[in-house]
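> Just one file: run_28.pdb, with PDB, C-alpha atoms, pLDDT in the B column.
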```pdb
ATOM      1  CA  MET A   1     -38.540   8.491   5.035  1.00 51.00           C
ATOM      2  CA  ARG A   2     -38.032  11.673   2.985  1.00 50.00           C
ATOM      3  CA  THR A   3     -34.604  12.229   4.621  1.00 48.00           C
ATOM      4  CA  ALA A   4     -33.507   8.735   3.649  1.00 46.00           C
ATOM      5  CA  VAL A   5     -34.564   9.312   0.027  1.00 43.00           C
ATOM      6  CA  VAL A   6     -32.709  12.651  -0.124  1.00 42.00           C
ATOM      7  CA  ALA A   7     -29.581  11.049   1.354  1.00 45.00           C
ATOM      8  CA  PHE A   8     -29.771   8.186  -1.150  1.00 43.00           C
ATOM      9  CA  VAL A   9     -30.223  10.582  -4.096  1.00 43.00           C
ATOM     10  CA  ALA A  10     -27.303  12.772  -2.909  1.00 44.00           C
ATOM     11  CA  PHE A  11     -25.109   9.683  -2.639  1.00 46.00           C
ATOM     12  CA  ALA A  12     -26.242   8.326  -6.008  1.00 49.00           C
ATOM     13  CA  VAL A  13     -25.370  11.532  -7.872  1.00 51.00           C
ATOM     14  CA  GLY A  14     -22.011  11.835  -6.173  1.00 51.00           C
ATOM     15  CA  VAL A  15     -22.668  14.752  -3.826  1.00 52.00           C
ATOM     16  CA  ALA A  16     -21.348  12.952  -0.748  1.00 52.00           C
ATOM     17  CA  VAL A  17     -17.913  11.680  -1.763  1.00 50.00           C
ATOM     18  CA  THR A  18     -15.876  10.353   1.142  1.00 58.00           C
ATOM     19  CA  CYS A  19     -12.907   8.706  -0.607  1.00 61.00           C
ATOM     20  CA  PRO A  20     -10.062  10.896  -1.883  1.00 60.00           C
ATOM     21  CA  ARG A  21      -9.169  10.740  -5.556  1.00 58.00           C
ATOM     22  CA  VAL A  22      -6.400   8.202  -6.102  1.00 55.00           C
ATOM     23  CA  GLN A  23      -3.332   9.343  -8.025  1.00 58.00           C
ATOM     24  CA  PRO A  24      -2.357   6.575 -10.474  1.00 69.00           C
ATOM     25  CA  PHE A  25       1.254   5.541 -10.954  1.00 86.00           C
ATOM     26  CA  ALA A  26       2.444   6.967  -7.629  1.00 93.00           C
ATOM     27  CA  TYR A  27       4.877   4.855  -5.599  1.00 96.00           C
ATOM     28  CA  ARG A  28       6.922   5.155  -2.422  1.00 97.00           C
ATOM     29  CA  PHE A  29      10.616   5.588  -3.126  1.00 98.00           C
ATOM     30  CA  SER A  30      13.679   4.995  -0.967  1.00 98.00           C
ATOM     31  CA  VAL A  31      16.638   7.081  -2.151  1.00 98.00           C
ATOM     32  CA  ASP A  32      20.030   5.367  -2.166  1.00 98.00           C
ATOM     33  CA  ARG A  33      22.012   8.126  -3.853  1.00 98.00           C
ATOM     34  CA  VAL A  34      21.868  11.260  -5.949  1.00 98.00           C
ATOM     35  CA  ILE A  35      23.734  10.916  -9.243  1.00 97.00           C
ATOM     36  CA  ASP A  36      23.343  14.549 -10.266  1.00 97.00           C
ATOM     37  CA  GLY A  37      20.734  17.281  -9.913  1.00 97.00           C
ATOM     38  CA  ASP A  38      18.132  15.550 -12.060  1.00 98.00           C
ATOM     39  CA  THR A  39      18.999  11.848 -11.614  1.00 98.00           C
ATOM     40  CA  ILE A  40      18.475   9.759  -8.483  1.00 98.00           C
ATOM     41  CA  GLU A  41      18.880   6.092  -7.654  1.00 98.00           C
ATOM     42  CA  GLY A  42      16.999   3.902  -5.209  1.00 98.00           C
ATOM     43  CA  ASP A  43      14.241   1.386  -4.615  1.00 98.00           C
ATOM     44  CA  ILE A  44      10.625   1.672  -5.773  1.00 97.00           C
ATOM     45  CA  ASP A  45       7.917   0.151  -3.559  1.00 97.00           C
ATOM     46  CA  LEU A  46       5.117  -0.967  -5.873  1.00 95.00           C
ATOM     47  CA  GLY A  47       2.958  -2.196  -2.990  1.00 94.00           C
ATOM     48  CA  PHE A  48       1.919  -5.742  -2.079  1.00 95.00           C
ATOM     49  CA  SER A  49       5.557  -6.540  -1.133  1.00 96.00           C
ATOM     50  CA  VAL A  50       6.742  -5.929  -4.706  1.00 97.00           C
ATOM     51  CA  HIS A  51       9.875  -3.803  -5.168  1.00 96.00           C
ATOM     52  CA  LEU A  52      12.099  -2.626  -7.997  1.00 96.00           C
ATOM     53  CA  ASP A  53      15.554  -2.259  -6.473  1.00 97.00           C
ATOM     54  CA  ASP A  54      18.442  -0.108  -7.689  1.00 97.00           C
ATOM     55  CA  GLN A  55      16.430   1.938 -10.155  1.00 97.00           C
ATOM     56  CA  ARG A  56      17.935   5.028 -11.756  1.00 97.00           C
ATOM     57  CA  LEU A  57      15.274   7.717 -12.270  1.00 97.00           C
ATOM     58  CA  ARG A  58      15.326  10.919 -14.326  1.00 97.00           C
ATOM     59  CA  LEU A  59      13.298  13.897 -13.134  1.00 97.00           C
ATOM     60  CA  LEU A  60      10.591  15.028 -15.546  1.00 94.00           C
ATOM     61  CA  ARG A  61      10.433  18.612 -16.863  1.00 94.00           C
ATOM     62  CA  VAL A  62      13.836  19.703 -15.543  1.00 97.00           C
ATOM     63  CA  ASN A  63      17.396  19.812 -16.800  1.00 97.00           C
ATOM     64  CA  THR A  64      20.284  20.572 -14.456  1.00 98.00           C
ATOM     65  CA  PRO A  65      23.833  21.466 -15.532  1.00 97.00           C
ATOM     66  CA  GLU A  66      26.263  18.635 -16.175  1.00 95.00           C
ATOM     67  CA  ARG A  67      28.858  17.870 -13.491  1.00 94.00           C
ATOM     68  CA  LYS A  68      31.729  17.905 -15.979  1.00 95.00           C
ATOM     69  CA  GLY A  69      33.250  20.485 -18.263  1.00 95.00           C
ATOM     70  CA  PRO A  70      32.483  24.190 -18.003  1.00 96.00           C
ATOM     71  CA  THR A  71      29.210  23.647 -16.065  1.00 96.00           C
ATOM     72  CA  ARG A  72      30.795  21.549 -13.317  1.00 96.00           C
ATOM     73  CA  ALA A  73      30.359  24.105 -10.496  1.00 97.00           C
ATOM     74  CA  ALA A  74      26.681  24.693 -11.351  1.00 97.00           C
ATOM     75  CA  GLY A  75      26.164  20.928 -11.702  1.00 97.00           C
ATOM     76  CA  ASP A  76      27.687  20.338  -8.264  1.00 98.00           C
ATOM     77  CA  ARG A  77      25.368  23.013  -6.784  1.00 98.00           C
ATOM     78  CA  ALA A  78      22.330  21.349  -8.387  1.00 98.00           C
ATOM     79  CA  LYS A  79      23.373  17.949  -7.022  1.00 98.00           C
ATOM     80  CA  ALA A  80      23.873  19.439  -3.531  1.00 98.00           C
ATOM     81  CA  PHE A  81      20.437  21.100  -3.755  1.00 98.00           C
ATOM     82  CA  THR A  82      18.795  17.774  -4.630  1.00 98.00           C
ATOM     83  CA  GLU A  83      20.639  16.010  -1.787  1.00 98.00           C
ATOM     84  CA  ARG A  84      19.559  18.693   0.735  1.00 98.00           C
ATOM     85  CA  TRP A  85      15.963  18.642  -0.514  1.00 98.00           C
ATOM     86  CA  LEU A  86      15.741  14.850  -0.166  1.00 98.00           C
ATOM     87  CA  ALA A  87      17.371  14.960   3.294  1.00 97.00           C
ATOM     88  CA  THR A  88      14.813  17.499   4.557  1.00 97.00           C
ATOM     89  CA  HIS A  89      11.696  15.822   3.146  1.00 97.00           C
ATOM     90  CA  SER A  90      10.022  12.631   4.308  1.00 97.00           C
ATOM     91  CA  ASP A  91       7.601  10.145   2.760  1.00 97.00           C
ATOM     92  CA  ILE A  92       9.190  10.387  -0.687  1.00 98.00           C
ATOM     93  CA  VAL A  93       6.795   9.412  -3.475  1.00 97.00           C
ATOM     94  CA  ILE A  94       7.458   9.292  -7.199  1.00 97.00           C
ATOM     95  CA  ARG A  95       4.862   9.704  -9.908  1.00 95.00           C
ATOM     96  CA  SER A  96       5.520   8.332 -13.362  1.00 90.00           C
ATOM     97  CA  ARG A  97       3.708   8.697 -16.647  1.00 81.00           C
ATOM     98  CA  LYS A  98       2.533   5.999 -19.010  1.00 78.00           C
ATOM     99  CA  ARG A  99       3.939   5.896 -22.531  1.00 75.00           C
ATOM    100  CA  ASP A 100       1.167   3.524 -23.520  1.00 74.00           C
ATOM    101  CA  LYS A 101      -1.181   1.099 -21.763  1.00 68.00           C
ATOM    102  CA  GLN A 102       1.593  -1.311 -20.784  1.00 66.00           C
ATOM    103  CA  HIS A 103       4.761   0.730 -20.316  1.00 73.00           C
ATOM    104  CA  ALA A 104       5.959   3.560 -18.110  1.00 77.00           C
ATOM    105  CA  GLU A 105       7.725   6.373 -19.911  1.00 87.00           C
ATOM    106  CA  ARG A 106      11.545   6.093 -20.044  1.00 89.00           C
ATOM    107  CA  ASP A 107      14.326   8.222 -21.466  1.00 90.00           C
ATOM    108  CA  SER A 108      16.927   7.155 -24.037  1.00 90.00           C
ATOM    109  CA  PHE A 109      19.107   5.707 -21.214  1.00 92.00           C
ATOM    110  CA  GLY A 110      16.265   3.500 -19.935  1.00 92.00           C
ATOM    111  CA  ARG A 111      15.594   5.594 -16.820  1.00 93.00           C
ATOM    112  CA  TYR A 112      11.995   5.969 -15.677  1.00 92.00           C
ATOM    113  CA  LEU A 113      10.829   9.588 -15.973  1.00 93.00           C
ATOM    114  CA  VAL A 114       9.268  10.793 -12.724  1.00 95.00           C
ATOM    115  CA  GLU A 115       8.169  13.658 -10.553  1.00 96.00           C
ATOM    116  CA  VAL A 116       9.387  13.439  -6.943  1.00 97.00           C
ATOM    117  CA  PHE A 117       7.245  14.522  -3.995  1.00 98.00           C
ATOM    118  CA  GLY A 118       8.010  14.687  -0.297  1.00 97.00           C
ATOM    119  CA  ASP A 119       6.614  16.155   2.909  1.00 97.00           C
ATOM    120  CA  ASP A 120       8.521  19.125   4.314  1.00 95.00           C
ATOM    121  CA  GLU A 121       9.080  19.599   8.053  1.00 94.00           C
ATOM    122  CA  GLY A 122       5.602  21.155   8.359  1.00 95.00           C
ATOM    123  CA  GLY A 123       3.950  18.170   6.668  1.00 95.00           C
ATOM    124  CA  ARG A 124       3.217  19.999   3.390  1.00 96.00           C
ATOM    125  CA  GLN A 125       3.808  18.002   0.228  1.00 97.00           C
ATOM    126  CA  GLU A 126       6.262  19.633  -2.172  1.00 97.00           C
ATOM    127  CA  CYS A 127       7.672  18.676  -5.564  1.00 97.00           C
ATOM    128  CA  LEU A 128      11.452  18.386  -6.039  1.00 98.00           C
ATOM    129  CA  ASN A 129      11.122  19.053  -9.772  1.00 97.00           C
ATOM    130  CA  ASP A 130       9.395  22.389  -9.088  1.00 97.00           C
ATOM    131  CA  ALA A 131      11.866  23.270  -6.317  1.00 98.00           C
ATOM    132  CA  LEU A 132      14.812  22.811  -8.702  1.00 98.00           C
ATOM    133  CA  LEU A 133      13.200  25.168 -11.207  1.00 97.00           C
ATOM    134  CA  GLN A 134      12.216  27.753  -8.587  1.00 97.00           C
ATOM    135  CA  SER A 135      15.696  27.751  -7.033  1.00 98.00           C
ATOM    136  CA  GLY A 136      17.398  28.366 -10.378  1.00 97.00           C
ATOM    137  CA  ASN A 137      19.274  25.045 -10.206  1.00 98.00           C
ATOM    138  CA  ALA A 138      17.450  23.721 -13.271  1.00 97.00           C
ATOM    139  CA  VAL A 139      15.855  24.932 -16.460  1.00 97.00           C
ATOM    140  CA  LEU A 140      12.638  23.710 -17.985  1.00 96.00           C
ATOM    141  CA  PHE A 141      13.273  20.617 -20.100  1.00 90.00           C
ATOM    142  CA  ARG A 142      11.190  20.247 -23.210  1.00 77.00           C
ATOM    143  CA  GLU A 143      10.620  16.672 -24.249  1.00 67.00           C
ATOM    144  CA  SER A 144      11.800  17.325 -27.785  1.00 52.00           C
ATOM    145  CA  GLU A 145      15.308  18.137 -26.430  1.00 47.00           C
TER
END
```
Since I need it in another form, could you write the structure as structure tokens?

Amino acid sequence: MRTAVVAFVAFAVGVAVTCPRVQPFAYRFSVDRVIDGDTIEGDIDLGFSVHLDDQRLRLLRVNTPERKGPTRAAGDRAKAFTERWLATHSDIVIRSRKRDKQHAERDSFGRYLVEVFGDDEGGRQECLNDALLQSGNAVLFRESE
């Protein structure tokens, strides 16, 4: 009887947690195309057979060079990096942020702002946004910019 009471108390105070913490606002994403190093287009799977098709997404926290003008070569390298990263990662998931209780955060062009995650060939989850920064293909983007 004492063992049952100890087990109940441990469960009641949260010692024995068996469910993983759920990450809110995370959705499966199917990439259709890469626009540039920090903008992708595709379909968002919201679950329960609900989809948002042909969505253009902007990567949070990063800014890659433009693909026109004097930064064209660097912009093309950033786009190629993003294409390679997406081609070598599976189970792509995006995570958005909420602007308020009813709306996801968007930029001035109406694109959802997201972080992109995928499993590498070894099954480890990595973040595209971080990979762009670490590779030197992007700089940190401050939201006031």
> Show me, as a ChimeraX atom specification, the residues that have an atom within 10 Å of Ile35 in chain A when counting all atoms listed in the file, minus same-chain residues fewer than 6 positions from it.
/A:41,56-58,67,79,82-83
> Considering all atoms listed in the file, tabulate each residue of range 46-103 of chain A that lies at most 8 Å from range 110-123 of chain A along with its nearest interatomic pair and the corresponding distance in Å to one decimal; arrange the rows by chain and ascending residue number and present them as a Markdown table.

```
| residue | atom | partner | partner_atom | distance |
| --- | --- | --- | --- | --- |
| A:Gln55 | CA | A:Arg111 | CA | 7.6 |
| A:Arg56 | CA | A:Arg111 | CA | 5.6 |
| A:Leu57 | CA | A:Arg111 | CA | 5.0 |
| A:Arg58 | CA | A:Leu113 | CA | 5.0 |
| A:Leu59 | CA | A:Val114 | CA | 5.1 |
| A:Leu60 | CA | A:Val114 | CA | 5.3 |
| A:Leu86 | CA | A:Gly118 | CA | 7.7 |
| A:Thr88 | CA | A:Asp120 | CA | 6.5 |
| A:His89 | CA | A:Asp120 | CA | 4.7 |
| A:Ser90 | CA | A:Asp119 | CA | 5.1 |
| A:Asp91 | CA | A:Gly118 | CA | 5.5 |
| A:Ile92 | CA | A:Gly118 | CA | 4.5 |
| A:Val93 | CA | A:Phe117 | CA | 5.2 |
| A:Ile94 | CA | A:Val116 | CA | 4.6 |
| A:Arg95 | CA | A:Glu115 | CA | 5.2 |
| A:Ser96 | CA | A:Val114 | CA | 4.5 |
| A:Arg97 | CA | A:Val114 | CA | 7.1 |
```
> Evaluating the PyMOL selection byres ((chain A and resi 74) around 12) on the displayed file yields which residues, as a CSV table (one decimal) with C-alpha atoms, keeping the file's coordinate frame?

```csv
chain,number,residue,atom,x,y,z
A,36,ASP,CA,23.3,14.5,-10.3
A,37,GLY,CA,20.7,17.3,-9.9
A,63,ASN,CA,17.4,19.8,-16.8
A,64,THR,CA,20.3,20.6,-14.5
A,65,PRO,CA,23.8,21.5,-15.5
A,66,GLU,CA,26.3,18.6,-16.2
A,67,ARG,CA,28.9,17.9,-13.5
A,68,LYS,CA,31.7,17.9,-16.0
A,69,GLY,CA,33.2,20.5,-18.3
A,70,PRO,CA,32.5,24.2,-18.0
A,71,THR,CA,29.2,23.6,-16.1
A,72,ARG,CA,30.8,21.5,-13.3
A,73,ALA,CA,30.4,24.1,-10.5
A,75,GLY,CA,26.2,20.9,-11.7
A,76,ASP,CA,27.7,20.3,-8.3
A,77,ARG,CA,25.4,23.0,-6.8
A,78,ALA,CA,22.3,21.3,-8.4
A,79,LYS,CA,23.4,17.9,-7.0
A,80,ALA,CA,23.9,19.4,-3.5
A,81,PHE,CA,20.4,21.1,-3.8
A,136,GLY,CA,17.4,28.4,-10.4
A,137,ASN,CA,19.3,25.0,-10.2
A,138,ALA,CA,17.4,23.7,-13.3
A,139,VAL,CA,15.9,24.9,-16.5
```
> In Å, rounded to a single decimal, give me how far CA of Tyr27 in chain A is from CA of Glu126 in chain A.
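We find that CA of Glu126 in chain A and CA of Tyr27 in chain A lie 15.2 Å from each other.
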> Can you translate the PyMOL selection byres ((chain A and resi 43-51) around 8) into the concrete residues it hits in this file, as an MDAnalysis selection string?
chainID A and resid 27:32 41:42 52:55
> In terms of the shortest atom-to-atom distance over all atoms listed in the file, which of A:Thr39, A:Ala26, A:Trp85, A:Asp107 is closest to Asp130 in chain A?
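So, comparing all the options, the nearest one is A:Trp85.
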> To one decimal in Å, tell me the separation between CA of Arg106 in chain A and CA of Arg61 in chain A.
13.0 Å
> Edge lengths and centre in Å to one decimal, as lines of an AutoDock Vina configuration file, of the axis-aligned box that encloses all listed atoms of range 27-32 of chain A with 6 Å added on every side?

```
center_x = 12.5
center_y = 6.0
center_z = -3.3
size_x = 27.2
size_y = 14.2
size_z = 16.6
```
